[in-house]
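Participant: Sharing a structure below in structure tokens format, with a few things to ask.
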Amino acid sequence: MIDAHHHFWWTGRHAYTWPEQVGERLARDFTPDDLRPELARCGIKGTVLVQVLHQLGGETEECLDICKDVNFVRGVVGWLPLADPDATSRALERLRAGGKLVGVRHLISNEPDPRWVLQERVVESLKLLAAAGLAFDAIPVNAAQFESVLDLAARLPELKIVINHLGRPLPERGWEPWATQVARAAEHRCVSIKLSIGLDIIMRWRWSTDEVRRYSDHVLDLFTSNRVMAASNWPVILLGASYAQTWQGITDMVSALSVDERHAVMGGTAERVYEL
């Protein structure tokens with residue numbers, strides 16, 4: 001089994017900011033030594049480590065270094081300065097030589113322009129990712145941002161796009177427009193999606209398999225197991241559940257699938273999409 005999305009951070013190395021509703025509950029170190037026993041308890045053999053900060057010369061390089069010493073980290077989704085294609089090209093060459101870079105994420109959720117990802121210079125950088133076989137992790141948090149991801153998928157069908165956290169359904173807004181946008185995303189064969197939850201749902205429901213199942217079922221029906229990957233979002237998920245409770249919940253949500261389909265969601269899809 002592969003956990004396709006988690007983070008590490010060291011508060012003494014970098015300055016992190018937390019949403020107001022979180023307060024200081026995540027303001028401590030979360031390291032490989034913290035995660036290792038959780039993985040062993042759940043039978044998980046490998047992970048994908050995902051960036052938190054938008055900076056070069058720091059976190060992404062540290063993540064790649066971790067891969068050399070921590071055998072369960074199979075790949076890193078890092079950060080590149082996508083708004084500058086020349087800088088992206090230089091950094092891409094350097095970082096790929098330094099470790100298991102399998103994808104790039106930019107927190108488009110933090111950009112005031114919902115069409116940030118469609119800027120000409122950003123698209124030029126994303127073409128470089130596609131040519132290198134790397135994935136682009138997208139985390140839209142509203143309908144306008146999701147729409148931009150859909151436009152990007154249509155514009156760059158050669159780019160592997162991985163939507164984080166079920167596309168961040170916002171339960172206070174109800175089923176739509178998320179459900180229709182997910183259906184449209186599934187029409188693009190270049191798009192995959194992570195079976196995990198983001199901060200919006202964590203803070204509303206903590207972890208509730210019954211509540212999340214409605215969304216996961218919709219995603220699995222549309223994307224099928226070959227484009228859905230299980231992911232914990234640790235340590236953020238600790239605001240709502242233990243690691244073991246989260247992984248058991250994900251396991252329960254795919255229990256009705258065939259053996260091959262379960263194997264795909266619980267590891268095979270991440271291995272293939274990220275080329276782990």
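Every chain in the structure tokens has a letter given in the order shown (A, B, ...), and although residue numbers restart at 1 in each chain, ligands are simply numbered from 1 in the order shown.
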Excluding region 252-261 of chain A and its own-chain neighbours fewer than 6 positions away, which residues fall within 12 Å of it when counting only C-alpha atoms? Please give them as number ranges by chain.
Facilitator: A: 195-196, 208-221, 223-230, 245-246, 267-269
Participant: Neighbouring residues of region 125-142 of chain A were defined as those with any atom within 7 Å, considering only C-alpha atoms; residues of the same chain fewer than 3 positions away were excluded. Please report them as a list in words.
Facilitator: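 The residues that qualify are Leu82, Pro85, Thr88, Val102, Gly103, Val104, Arg105, His106, Leu107, Ile108, Ser109, Arg121, Val122, Gln145, Phe146, Glu158, Leu159, Lys160, Ile161, Val162, Ile163, Asn164, Gly167, Arg168 and Tyr274 of chain A.
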Participant: For Gly249 (chain A), which of A:Trp79, A:Arg262, A:Trp207, A:Val48 is the closest residue, counting only C-alpha atoms?
Facilitator: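 Closest residue, counting only C-alpha atoms: A:Trp207.
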Participant: Tell me, as an MDAnalysis selection string, which residues lie within 12 Å of Cys67 (chain A), counting only C-alpha atoms; anything in the same chain fewer than 2 positions away does not count.
Facilitator: chainID A and resid 32 46:49 60:65 69:77 98:102 276
Participant: Those same residues, written as a compact mmCIF listing (two decimals), in the first residue's frame with C-alpha atoms?
Facilitator:
```txt
# COMPACT_ATOMS: atom_id res chain seq x y z
CA PRO A 32 9.77 10.61 9.55
CA GLY A 46 5.69 3.57 0.72
CA THR A 47 4.61 7.21 0.60
CA VAL A 48 4.59 10.36 -1.51
CA LEU A 49 5.94 13.38 0.36
CA THR A 60 11.83 20.82 -1.73
CA GLU A 61 15.56 20.16 -1.57
CA GLU A 62 15.18 18.89 2.00
CA CYS A 63 12.40 16.54 0.90
CA LEU A 64 14.61 15.11 -1.83
CA ASP A 65 17.40 14.62 0.69
CA ASP A 69 17.78 8.31 4.11
CA VAL A 70 14.12 7.36 4.59
CA ASN A 71 13.32 4.27 2.55
CA PHE A 72 9.54 4.53 2.80
CA VAL A 73 9.45 7.88 0.94
CA ARG A 74 9.15 6.73 -2.68
CA GLY A 75 8.75 10.14 -4.28
CA VAL A 76 8.48 13.89 -3.68
CA VAL A 77 5.95 16.39 -5.00
CA GLY A 98 19.03 15.36 -6.74
CA GLY A 99 16.42 12.73 -5.94
CA LYS A 100 12.99 11.26 -6.51
CA LEU A 101 11.08 14.27 -7.82
CA VAL A 102 7.79 12.86 -9.16
CA LEU A 276 7.35 5.50 -8.19
```
Participant: Determine, counting only C-alpha atoms, which protein, DNA and RNA residues have an atom within 7 Å of an atom of Arg206 (chain A); residues of the same chain fewer than 4 positions away are not included. Present the result as a ChimeraX atom specification.
Facilitator: /A:201-202,239-241
Participant: Export N, CA and C atoms of the chosen residues as a PDB file, in the first residue's frame?
Facilitator:
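Produced file part-v2.pdb, reproduced below:
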```
ATOM      1  N   ILE A 201     -13.199  19.924   5.175  1.00  0.00           N
ATOM      2  CA  ILE A 201     -14.013  18.812   5.689  1.00  0.00           C
ATOM      3  C   ILE A 201     -13.517  18.370   7.061  1.00  0.00           C
ATOM      4  N   ILE A 202     -12.194  18.363   7.258  1.00  0.00           N
ATOM      5  CA  ILE A 202     -11.659  17.948   8.559  1.00  0.00           C
ATOM      6  C   ILE A 202     -12.231  18.819   9.675  1.00  0.00           C
ATOM      7  N   LEU A 239      -6.011  16.607  12.996  1.00  0.00           N
ATOM      8  CA  LEU A 239      -7.010  17.499  13.573  1.00  0.00           C
ATOM      9  C   LEU A 239      -8.368  16.834  13.672  1.00  0.00           C
ATOM     10  N   GLY A 240      -8.553  15.733  12.926  1.00  0.00           N
ATOM     11  CA  GLY A 240      -9.861  15.086  12.920  1.00  0.00           C
ATOM     12  C   GLY A 240      -9.857  13.622  13.263  1.00  0.00           C
ATOM     13  N   ALA A 241      -8.702  12.966  13.217  1.00  0.00           N
ATOM     14  CA  ALA A 241      -8.647  11.520  13.482  1.00  0.00           C
ATOM     15  C   ALA A 241      -7.203  11.091  13.597  1.00  0.00           C
TER      16      ALA A 241
END
```
Participant: Within region 20-128 of chain A, find each residue whose DSSP state, derived from the backbone, is strand (DSSP E or B), and express the selection as a JSON list (two decimals) with N, CA and C atoms, in the first residue's frame.
Facilitator:
```
[["chain", "number", "residue", "atom", "x", "y", "z"],
["A", 30, "PHE", "N", 6.78, 17.55, 12.72],
["A", 30, "PHE", "CA", 6.23, 16.26, 12.27],
["A", 30, "PHE", "C", 7.28, 15.66, 11.34],
["A", 46, "GLY", "N", 5.07, 2.42, 1.37],
["A", 46, "GLY", "CA", 5.69, 3.57, 0.72],
["A", 46, "GLY", "C", 4.78, 4.78, 0.77],
["A", 47, "THR", "N", 5.38, 5.97, 0.54],
["A", 47, "THR", "CA", 4.61, 7.21, 0.60],
["A", 47, "THR", "C", 5.07, 8.19, -0.47],
["A", 48, "VAL", "N", 4.23, 9.21, -0.69],
["A", 48, "VAL", "CA", 4.59, 10.36, -1.51],
["A", 48, "VAL", "C", 4.59, 11.58, -0.59],
["A", 49, "LEU", "N", 5.75, 12.22, -0.50],
["A", 49, "LEU", "CA", 5.94, 13.38, 0.36],
["A", 49, "LEU", "C", 5.64, 14.64, -0.44],
["A", 50, "VAL", "N", 4.78, 15.51, 0.08],
["A", 50, "VAL", "CA", 4.28, 16.67, -0.65],
["A", 50, "VAL", "C", 4.74, 17.96, 0.03],
["A", 73, "VAL", "N", 9.83, 6.78, 1.82],
["A", 73, "VAL", "CA", 9.45, 7.88, 0.94],
["A", 73, "VAL", "C", 9.86, 7.52, -0.49],
["A", 74, "ARG", "N", 8.88, 7.21, -1.32],
["A", 74, "ARG", "CA", 9.15, 6.73, -2.68],
["A", 74, "ARG", "C", 9.25, 7.87, -3.70],
["A", 75, "GLY", "N", 8.72, 9.03, -3.35],
["A", 75, "GLY", "CA", 8.75, 10.14, -4.28],
["A", 75, "GLY", "C", 8.36, 11.43, -3.60],
["A", 76, "VAL", "N", 8.73, 12.56, -4.23],
["A", 76, "VAL", "CA", 8.48, 13.89, -3.68],
["A", 76, "VAL", "C", 7.69, 14.72, -4.70],
["A", 77, "VAL", "N", 6.64, 15.35, -4.24],
["A", 77, "VAL", "CA", 5.95, 16.39, -5.00],
["A", 77, "VAL", "C", 6.45, 17.72, -4.43],
["A", 78, "GLY", "N", 7.27, 18.41, -5.19],
["A", 78, "GLY", "CA", 7.91, 19.62, -4.70],
["A", 78, "GLY", "C", 7.29, 20.88, -5.27],
["A", 101, "LEU", "N", 12.12, 13.30, -7.51],
["A", 101, "LEU", "CA", 11.08, 14.27, -7.82],
["A", 101, "LEU", "C", 10.07, 13.64, -8.77],
["A", 102, "VAL", "N", 8.82, 13.51, -8.35],
["A", 102, "VAL", "CA", 7.79, 12.86, -9.16],
["A", 102, "VAL", "C", 6.67, 13.81, -9.57],
["A", 103, "GLY", "N", 6.64, 14.99, -8.99],
["A", 103, "GLY", "CA", 5.59, 15.94, -9.30],
["A", 103, "GLY", "C", 5.88, 17.29, -8.70],
["A", 104, "VAL", "N", 5.03, 18.25, -9.05],
["A", 104, "VAL", "CA", 5.14, 19.63, -8.57],
["A", 104, "VAL", "C", 3.76, 20.10, -8.13],
["A", 105, "ARG", "N", 3.73, 20.81, -7.01],
["A", 105, "ARG", "CA", 2.47, 21.40, -6.57],
["A", 105, "ARG", "C", 2.66, 22.88, -6.33]]
```
Participant: Which of region 75-201 of chain A end up as alpha helix (DSSP H) when DSSP is run on this backbone - answer as JSON, numbers by chain?
Facilitator: {"A": [85, 86, 87, 88, 89, 90, 91, 92, 93, 94, 95, 96, 120, 121, 122, 123, 124, 125, 126, 127, 128, 129, 130, 131, 132, 143, 144, 145, 146, 147, 148, 149, 150, 151, 152, 153, 154, 155, 178, 179, 180, 181, 182, 183, 184, 185, 186, 199, 200, 201]}
Participant: Taking only C-alpha atoms into account, which of A:Leu152, A:Ala83, A:Ala179, A:Leu53 comes nearest His7 (chain A)?
Facilitator: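 Ranking A:Leu152, A:Ala83, A:Ala179, A:Leu53 by distance to His7 (chain A), first place goes to A:Leu53.
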Participant: What is the distance, in Å and to one decimal place, between CA of Glu59 (chain A) and CA of Val236 (chain A)?
Facilitator: 17.5 Å
Participant: Please indicate the distance in Å from CA of Glu120 (chain A) to CA of Asp84 (chain A), rounded to one decimal place.
Facilitator: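 So the answer is 10.1 Å.
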Participant: Can you tell me how far CA of Trp175 (chain A) sits from CA of Lys194 (chain A), in Å to one decimal?
Facilitator: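 So the answer is 18.2 Å.
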Participant: Considering only C-alpha atoms, state which residue in the set A:His14, A:Leu39, A:Lys68, A:Trp247 is at the smallest distance from Ala27 (chain A).
Facilitator: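 When distances to Ala27 (chain A) are compared using only C-alpha atoms, the smallest one comes from A:His14.
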Participant: Between A:Ser232, A:Leu166, A:Glu38, A:Glu111, which has the minimum distance to Ala144 (chain A) (counting only C-alpha atoms)?
Facilitator: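 Looking at the shortest contact to Ala144 (chain A), the residue is A:Glu111.
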